[in-house]
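What follows is a set of notes on a single structure, which appears directly below.
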Amino acid sequence: MTSLDLLPFTDPWIYALMACLIVGSAFLQGIGGVGFTMFAAPIALIVSPDLVPGPLLTLGGMATMLTALRERRHIAWQPASFALGGRVVGALIAVFALSQLAPRSMGLVFAGLILMAVILSASGLKLKVSPSNASIAGLISGVMGTLTSVGSPPLAIIMQHSAPPTIRATIGAILACGATVSLVALAIAGHYGLRDVLLSASLVPFLLFGFRLSNKARYYVSGPALRYGLLTFCALSALGLIAKTLWH
């Protein structure tokens, strides 16, 4: 690897586009507790695929950690612990899948699962935030997050009827810890290295700026609005993933 290979971005226009994308993603994350990778990943996969999954997982982990720390007294620790346990198992499954399954097939399968979850939730089905549901959501989140960097939809589905601060803080705690687990697994498997770290570092200032913008805006989001927003983000992330998969 040459020194040029380690440059985060060689095209300033792509860097500017990704910077704007990260600002918007961090702002959405700060408001709803989800949205960072759901908003950023589909576009990044098309415009700058080197960002997925490692660098976006790194940035997403930072954004969710900031969310969890800001509202840590609202974290629902029981579902968070069960979901994190499932996330560890999911990350291990994902690393194995990386070497066994075709990326095209995986993208379509996971996009289909997200859309199915959105349809079930919008139909009026209420999933209790139980240990079993949290574990299953965490497992699916671990697989999806490690493979595509988009791991929040399953967690958003089970948490959607909670109070907005609880949604933000609990999902933030799960995703922050889960991103670390996924990155360790990717690094051991040889899918996360120095270039990924540099790509992440070059976008951190924009993440912090976007998150800061959300500090006051989050107080103006109602529970129902947040719920429908979460479902919309889930659906858009799935459609974006399908578009990217079929694009190639």
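Lettering and numbering for the structure tokens are positional, with chains as A, B, ... in the shown order, residues counted from 1 in each chain, and ligands counted from 1 in the shown order.
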
Can you tell me, as a list of chain:residue names, what residues are no more than 10 Å from Phe96 (chain A) when counting only C-alpha atoms, ignoring any on the same chain fewer than 4 positions away?
->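 Here the qualifying residues turn out to be A:Gly90, A:Ala91, A:Leu92, A:Gln100, A:Leu101, A:Val143, A:Ala185, A:Ala189.
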
Written selection (N, CA, C and O atoms) as an mmCIF file, in the first residue's frame:
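File written: again33.cif
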```cif
data_model
loop_
_atom_site.group_PDB
_atom_site.id
_atom_site.type_symbol
_atom_site.label_atom_id
_atom_site.label_comp_id
_atom_site.auth_asym_id
_atom_site.auth_seq_id
_atom_site.Cartn_x
_atom_site.Cartn_y
_atom_site.Cartn_z
ATOM 1 N N GLY A 90 -24.870 -11.813 16.316
ATOM 2 C CA GLY A 90 -25.112 -11.375 14.950
ATOM 3 C C GLY A 90 -23.852 -10.944 14.238
ATOM 4 O O GLY A 90 -23.673 -11.213 13.042
ATOM 5 N N ALA A 91 -22.949 -10.275 14.954
ATOM 6 C CA ALA A 91 -21.694 -9.835 14.348
ATOM 7 C C ALA A 91 -20.841 -11.031 13.924
ATOM 8 O O ALA A 91 -20.216 -11.023 12.858
ATOM 9 N N LEU A 92 -20.823 -12.070 14.752
ATOM 10 C CA LEU A 92 -20.056 -13.273 14.418
ATOM 11 C C LEU A 92 -20.643 -13.968 13.188
ATOM 12 O O LEU A 92 -19.915 -14.433 12.302
ATOM 13 N N GLN A 100 -18.870 -16.288 2.737
ATOM 14 C CA GLN A 100 -19.652 -17.398 2.213
ATOM 15 C C GLN A 100 -20.743 -16.990 1.218
ATOM 16 O O GLN A 100 -21.068 -17.767 0.312
ATOM 17 N N LEU A 101 -21.324 -15.810 1.392
ATOM 18 C CA LEU A 101 -22.474 -15.431 0.586
ATOM 19 C C LEU A 101 -22.139 -14.319 -0.407
ATOM 20 O O LEU A 101 -21.246 -13.507 -0.162
ATOM 21 N N VAL A 143 -26.109 -8.660 12.520
ATOM 22 C CA VAL A 143 -25.836 -9.164 11.169
ATOM 23 C C VAL A 143 -25.889 -8.019 10.165
ATOM 24 O O VAL A 143 -24.962 -7.809 9.374
ATOM 25 N N ALA A 185 -14.751 -7.505 15.133
ATOM 26 C CA ALA A 185 -14.945 -8.703 14.317
ATOM 27 C C ALA A 185 -14.452 -8.482 12.893
ATOM 28 O O ALA A 185 -13.794 -9.352 12.305
ATOM 29 N N ALA A 189 -11.194 -10.266 10.933
ATOM 30 C CA ALA A 189 -11.407 -10.948 9.648
ATOM 31 C C ALA A 189 -10.684 -10.256 8.494
ATOM 32 O O ALA A 189 -10.766 -10.709 7.353
#
```

Identify, with DSSP run on backbone atoms, the residues in region 46-154 of chain A assigned to alpha helix (DSSP H), and express the list as a PDB file with C-alpha atoms, in the first residue's frame.
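Output (part-v3.pdb):
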```pdb
ATOM      1  CA  ILE A  46     -23.301   4.415  -4.427  1.00  0.00           C
ATOM      2  CA  VAL A  47     -21.008   7.453  -4.228  1.00  0.00           C
ATOM      3  CA  GLY A  54     -16.126   0.038   8.501  1.00  0.00           C
ATOM      4  CA  PRO A  55     -15.871   3.863   8.427  1.00  0.00           C
ATOM      5  CA  LEU A  56     -19.638   4.384   8.691  1.00  0.00           C
ATOM      6  CA  LEU A  57     -19.752   1.904  11.558  1.00  0.00           C
ATOM      7  CA  THR A  58     -17.010   3.908  13.268  1.00  0.00           C
ATOM      8  CA  LEU A  59     -18.795   7.217  12.776  1.00  0.00           C
ATOM      9  CA  GLY A  60     -22.162   5.701  13.635  1.00  0.00           C
ATOM     10  CA  GLY A  61     -20.718   4.268  16.821  1.00  0.00           C
ATOM     11  CA  MET A  62     -19.475   7.719  17.811  1.00  0.00           C
ATOM     12  CA  ALA A  63     -22.810   9.385  17.018  1.00  0.00           C
ATOM     13  CA  THR A  64     -24.795   6.818  18.979  1.00  0.00           C
ATOM     14  CA  MET A  65     -22.383   7.048  21.893  1.00  0.00           C
ATOM     15  CA  LEU A  66     -22.926  10.820  22.019  1.00  0.00           C
ATOM     16  CA  THR A  67     -26.686  10.238  21.999  1.00  0.00           C
ATOM     17  CA  ALA A  68     -26.501   7.694  24.815  1.00  0.00           C
ATOM     18  CA  LEU A  69     -24.234   9.865  26.968  1.00  0.00           C
ATOM     19  CA  ARG A  70     -26.369  12.967  26.491  1.00  0.00           C
ATOM     20  CA  TRP A  77     -30.902  -1.179  30.641  1.00  0.00           C
ATOM     21  CA  GLN A  78     -32.729  -4.508  30.542  1.00  0.00           C
ATOM     22  CA  PRO A  79     -33.665  -4.514  26.829  1.00  0.00           C
ATOM     23  CA  ALA A  80     -30.315  -2.895  26.033  1.00  0.00           C
ATOM     24  CA  SER A  81     -28.379  -5.754  27.650  1.00  0.00           C
ATOM     25  CA  PHE A  82     -30.399  -8.454  25.882  1.00  0.00           C
ATOM     26  CA  ALA A  83     -30.124  -6.659  22.530  1.00  0.00           C
ATOM     27  CA  LEU A  84     -26.375  -6.287  22.946  1.00  0.00           C
ATOM     28  CA  GLY A  85     -26.030 -10.003  23.627  1.00  0.00           C
ATOM     29  CA  GLY A  86     -27.866 -10.697  20.393  1.00  0.00           C
ATOM     30  CA  ARG A  87     -25.706  -8.144  18.608  1.00  0.00           C
ATOM     31  CA  VAL A  88     -22.522 -10.033  19.515  1.00  0.00           C
ATOM     32  CA  VAL A  89     -23.915 -13.251  18.040  1.00  0.00           C
ATOM     33  CA  GLY A  90     -25.112 -11.375  14.950  1.00  0.00           C
ATOM     34  CA  ALA A  91     -21.694  -9.835  14.348  1.00  0.00           C
ATOM     35  CA  LEU A  92     -20.056 -13.273  14.418  1.00  0.00           C
ATOM     36  CA  ILE A  93     -22.632 -14.621  11.962  1.00  0.00           C
ATOM     37  CA  ALA A  94     -22.044 -11.632   9.666  1.00  0.00           C
ATOM     38  CA  VAL A  95     -18.277 -12.107   9.577  1.00  0.00           C
ATOM     39  CA  PHE A  96     -18.790 -15.734   8.593  1.00  0.00           C
ATOM     40  CA  ALA A  97     -21.340 -14.692   5.954  1.00  0.00           C
ATOM     41  CA  LEU A  98     -18.885 -12.228   4.405  1.00  0.00           C
ATOM     42  CA  PRO A 103     -23.036  -9.530  -1.601  1.00  0.00           C
ATOM     43  CA  ARG A 104     -25.890  -9.088  -4.093  1.00  0.00           C
ATOM     44  CA  SER A 105     -27.966 -11.781  -2.412  1.00  0.00           C
ATOM     45  CA  MET A 106     -27.266 -10.448   1.081  1.00  0.00           C
ATOM     46  CA  GLY A 107     -28.300  -6.926   0.158  1.00  0.00           C
ATOM     47  CA  LEU A 108     -31.647  -8.045  -1.209  1.00  0.00           C
ATOM     48  CA  VAL A 109     -32.341 -10.361   1.726  1.00  0.00           C
ATOM     49  CA  PHE A 110     -31.663  -7.718   4.364  1.00  0.00           C
ATOM     50  CA  ALA A 111     -33.555  -5.020   2.488  1.00  0.00           C
ATOM     51  CA  GLY A 112     -36.511  -7.394   2.294  1.00  0.00           C
ATOM     52  CA  LEU A 113     -36.335  -8.010   6.044  1.00  0.00           C
ATOM     53  CA  ILE A 114     -36.349  -4.286   6.795  1.00  0.00           C
ATOM     54  CA  LEU A 115     -39.372  -3.694   4.569  1.00  0.00           C
ATOM     55  CA  MET A 116     -41.183  -6.636   6.174  1.00  0.00           C
ATOM     56  CA  ALA A 117     -40.537  -5.192   9.628  1.00  0.00           C
ATOM     57  CA  VAL A 118     -41.844  -1.793   8.543  1.00  0.00           C
ATOM     58  CA  ILE A 119     -45.015  -3.303   7.054  1.00  0.00           C
ATOM     59  CA  LEU A 120     -45.689  -5.342  10.197  1.00  0.00           C
ATOM     60  CA  SER A 121     -45.174  -2.337  12.427  1.00  0.00           C
ATOM     61  CA  ALA A 122     -47.301   0.007  10.310  1.00  0.00           C
ATOM     62  CA  PRO A 131     -36.004  -9.994  26.562  1.00  0.00           C
ATOM     63  CA  SER A 132     -36.671 -12.400  23.680  1.00  0.00           C
ATOM     64  CA  ASN A 133     -37.726  -9.661  21.255  1.00  0.00           C
ATOM     65  CA  ALA A 134     -34.782  -7.503  22.271  1.00  0.00           C
ATOM     66  CA  SER A 135     -32.368 -10.413  21.769  1.00  0.00           C
ATOM     67  CA  ILE A 136     -33.754 -11.218  18.323  1.00  0.00           C
ATOM     68  CA  ALA A 137     -33.683  -7.552  17.302  1.00  0.00           C
ATOM     69  CA  GLY A 138     -30.095  -7.324  18.540  1.00  0.00           C
ATOM     70  CA  LEU A 139     -29.067 -10.418  16.587  1.00  0.00           C
ATOM     71  CA  ILE A 140     -30.590  -9.104  13.346  1.00  0.00           C
ATOM     72  CA  SER A 141     -29.055  -5.709  14.044  1.00  0.00           C
ATOM     73  CA  GLY A 142     -25.644  -7.334  14.492  1.00  0.00           C
ATOM     74  CA  VAL A 143     -25.836  -9.164  11.169  1.00  0.00           C
ATOM     75  CA  MET A 144     -27.160  -6.170   9.236  1.00  0.00           C
ATOM     76  CA  GLY A 145     -24.931  -3.631  10.951  1.00  0.00           C
ATOM     77  CA  THR A 146     -21.738  -5.595  10.429  1.00  0.00           C
ATOM     78  CA  LEU A 147     -22.480  -6.313   6.764  1.00  0.00           C
ATOM     79  CA  THR A 148     -23.990  -2.996   5.666  1.00  0.00           C
ATOM     80  CA  PRO A 153     -34.102  -0.742  11.953  1.00  0.00           C
ATOM     81  CA  PRO A 154     -34.769  -3.882  14.068  1.00  0.00           C
TER      82      PRO A 154
END
```

Between CA of Leu203 (chain A) and CA of Thr245 (chain A), what is the distance, to one decimal in Å?
->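 Here the two named atoms are 25.1 Å from each other.
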
How many Å lie between CA of Ile43 (chain A) and CA of Leu21 (chain A), rounded to one decimal?
->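 Computed distance, CA of Ile43 (chain A) to CA of Leu21 (chain A), equals 8.4 Å.
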
Do you know which residues are at most 8 Å from region 207-215 of chain A counting only C-alpha atoms, after dropping those on the same chain fewer than 2 positions away, and could you put them as a VMD selection string?
-> chain A and resid 22 to 31 59 63 203 to 205 217 to 218

When distances are computed from only C-alpha atoms, which of A:Gln160, A:Ser99, A:Ser149, A:Asp196 shows the smallest separation from Leu127 (chain A)?
->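 When distances to Leu127 (chain A) are compared using only C-alpha atoms, the smallest one comes from A:Gln160.
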